[in-house]
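Asks: Pasting in a structure now, in structure tokens, and then I'll have a few things to ask.
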Amino acid sequence: MLSGFEAVCRLLRKSVESCDQSMLYNSVPVLCCESDSADSDDDSDWKEFDVEDYNTEHMSCLFCPQVYETISEVLSHCYVDHGFDLVKLKGRFGMDCYGYIKLVNYVRTHHPDASLVMSVTEPVWEKEEYMKPVKPDDPLLMYDFDDIELPSPITVPEIPSNSAFHVNAEDGLVTLTEQHFAELQRTIQSLASQVLEKDLEINTLMENIEKMRCVTQELVAGEESEENSSLPQCIKAIKLEGDEGYFNTYSHFSIHHEMLSDHVRTSSYRDAFMLNSTLWKDRTFLDLGCGTGILSMFAASAGARKVIAIDQSDIIYHAIDIVRENKLSDKIQLIKGRIEDTKLPQTHVDVIVSEWMGYFLLFEGMLDSLVYARDHHLAEGGLLLPNRCSISLVGLADTDRHAELVGFWTDVYGYRMTCLQHEVVQEATIEVVPPDKIITSPCLLTELDLNTCCTNSLHFSSELKLEAIADGSITAFVGYFDVFFDLAHPVSFSTGPHAKPTHWKQTVFLLEEPIIVKQGDVLTGRVICQRDRRDVRALSVTFLLLARKLKFILS
């Protein structure tokens with residue numbers, strides 16, 4: 001029969017061990033690896049996630065039908081309710097992560113009782129057949145078993161040999177002497193201090209994990225500084241002869257027909273001028289990248305005193321004829337040149353108008369030229385048209401289109417070309433997506449105030465948060481932008497899938513593997529946009545979510 005003090009000490013020891021096990025199962029991270037590309041040193045990274053962040057509705061117990069939200073809850077349940085002690089098994093058999101995987105699959109296969117597993121003297125699960133997952137995408141197989149350390153024992157004071165207690169046989173109450181009561185208090189204080197010390201250790205560990213996570217994000221978002229130092233960082237750094245290819249694309253008539261036929265785009269600029277004509281009387285304008293000169297003619301017709309129109313492409317020669325044909329040569333002066341290299345006939349203007357936006361707003365890098373024009377040629381208190389833009393993202397569930405673009409490579413005239421699937425999805429596509437296929441709420445990624453932004457505003461890292469509005473599979477993320485003219489009579493337009501289509505369409509980031517969601521699910525992650533290392537007019541867009549890194553190029 002146990003003495004009262006011994007019974008209390010054993011109870012305390014059991015409680016501390018249970019607490020220590022619970023803390024252990026709740027502090028070990030989950031590690032996942034996702035490789036983007038075989039030819040990039042940065043594209044195969046281990047990413048660290050706290051087990052509490054890895055949620056799934058299929059997180060089931062190893063020994064009963066009970067379902068939990070996190071891995072730590074499952075393992076704590078297995079320990080407390082079934083007596084399944086991973087730490088003890090690891091110490092007994094010297095198990096590594098492969099042994100742990102085999103153990104999980106062994107239990108999933110044969111459904112033994114936990115007490116039977118804990119009683120074995122040899123690891124009966126050490127067969128290669130148990131490396132194959134029983135449950136597809138079993139979250140328990142993501143548990144970082146190697147990081148479990150055998151806990152250092154928490155010292156409970158020895159039971160005094162001269163213990164003298166009186167136990168009432170009727171009610172089981174223990175009567176302690178004053179001396180032993182004081183010893184018990186000191187024991188409790190000692191145990192509480194040790195638990196507190198372990199709590200502090202765990203907090204320090206979690207802080208270090210968070211620091212590592214932030215450093216990893218910076219490394220992912222940044223580029224190799226030594227390599228970048230020899231590459232141009234903005235449009236101004238490119239020599240004109242190295243940029244002619246870009247301007248030559250605007251020398252063809254088809255692209256101007258496409259832009260002028262875009263009623264949403266062109267009428268929005270026209271309305272910004274005509275609905276606010278009182279603002280433009282006797283103002284001087286700079287039309288940056290004037291093309292055919294349509295915006296210059298809007299400005300002149302709305303009351304502008306003088307318009308300087310500049311474009312480096314050969315379309316400028318046709319714009320001269322167009323302006324002359326419309327008898328506006330007295331108000332509009334056309335110049336062939338790139339804004340960064342050209343001296344204007346007057347240093348400052350009252351208003352800068354430009355249709356500079358590219359796919360996903362920032363493709364083509366013309367934001368650099370707008371910032372340069374603003375900083376060098378806009379008079380104090382001057383206006384920019386438009387003055388504000390934003391980029392948003394939604395989830396698309398279009399399984400037919402996914403099969404057409406990704407599934408196509410599984411059977412090409414009877415041959416398999418699946419090795420191309422990964423490469424194909426890395427190239428963002430430009431297309432109009434069906435609005436009825438949108439499956440999530442929109443997420444605002446970034447807003448640009450064109451009065452204050454800089455060339456580095458092209459680089460951004462934003463939280464991604466998409467809520468599913470229906471059950472289905474997300475087959476792609478869809479990017480679009482909105483444009484605002486914040487004037488007395490405001491004008492705006494959207495290039496989103498729910499608006500009237502524009503020549504910008506939408507930017508589609510196709511997923512190689514669709515993401516299954518249910519209505520109300522919230523998909524979280526991060527989107528990183530940056531200038532491509534080797535082409536300053538191209539974009540690199542990276543998604544970090546669900547332990548995966550998905551990288552896309554707009555070029």
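Each chain in the structure tokens gets a letter, A, B and so on, in the order shown; residues start at 1 in every chain, and ligands are counted from 1 in the order they appear.
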Name all residues at most 9 Å from Leu334 (chain A) (count only C-alpha atoms; drop same-chain ones fewer than 4 positions away) and give them as a PyMOL selection string.
Replies: chain A and resi 290+293+307-311+316-317+319-320+323+329
Asks: With only C-alpha atoms as the counted atoms, please give the residues lying no more than 8 Å from Ile516 (chain A), apart from itself and same-chain residues fewer than 2 positions off, as a list in words.
Replies: Asp471, Gly472, Ser473, Ile474, Pro514 and Lys518 of chain A
Asks: List as a list in words the protein and nucleic acid residues near region 354-357 of chain A, meaning an atom at most 6 Å away when only C-alpha atoms are counted, but skip any in the same chain fewer than 5 places from it.
Replies: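 The residues that qualify are Asp287, Leu288 and Met366 of chain A.
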Asks: Give me, as a Markdown table, the closest atom pair and its distance (Å, one decimal) for every residue of region 462-508 of chain A within a cut-off of 12 Å of region 370-392 of chain A, counting only C-alpha atoms, rows sorted by chain and rising number.
Replies:
| residue | atom | partner | partner_atom | distance |
| --- | --- | --- | --- | --- |
| A:Ser462 | CA | A:Ser392 | CA | 10.5 |
| A:Glu463 | CA | A:Ser392 | CA | 11.4 |
| A:Leu464 | CA | A:Ser392 | CA | 9.9 |
| A:Lys465 | CA | A:Ser392 | CA | 10.9 |
| A:Leu466 | CA | A:Ser392 | CA | 10.8 |
| A:Phe477 | CA | A:Ser392 | CA | 10.2 |
| A:Val478 | CA | A:Ser392 | CA | 8.3 |
| A:Gly479 | CA | A:Ser392 | CA | 5.8 |
| A:Tyr480 | CA | A:Ser392 | CA | 5.6 |
| A:Phe481 | CA | A:Ile391 | CA | 4.3 |
| A:Asp482 | CA | A:Ser390 | CA | 5.3 |
| A:Val483 | CA | A:Cys389 | CA | 4.6 |
| A:Phe484 | CA | A:Arg388 | CA | 5.2 |
| A:Phe485 | CA | A:Pro386 | CA | 4.8 |
| A:Asp486 | CA | A:Asn387 | CA | 6.8 |
| A:Leu487 | CA | A:Asn387 | CA | 9.2 |
| A:Pro490 | CA | A:Pro386 | CA | 10.3 |
| A:Val491 | CA | A:Pro386 | CA | 9.1 |
| A:Ser492 | CA | A:Pro386 | CA | 8.8 |
| A:Phe493 | CA | A:Cys389 | CA | 9.9 |
| A:Ser494 | CA | A:Ser390 | CA | 9.5 |
| A:Thr495 | CA | A:Ile391 | CA | 9.7 |
| A:Gly496 | CA | A:Ser392 | CA | 8.3 |
| A:Pro497 | CA | A:Ser392 | CA | 10.9 |
| A:Gln506 | CA | A:Ser392 | CA | 10.6 |
| A:Thr507 | CA | A:Ser392 | CA | 10.6 |
Asks: Env of Ser119 (chain A): 10 Å cut, atoms = only C-alpha atoms, seq-sep filter 4 positions within chain, self excluded. Answer as JSON, numbers by chain.
Replies: {"A": [89, 114, 115]}
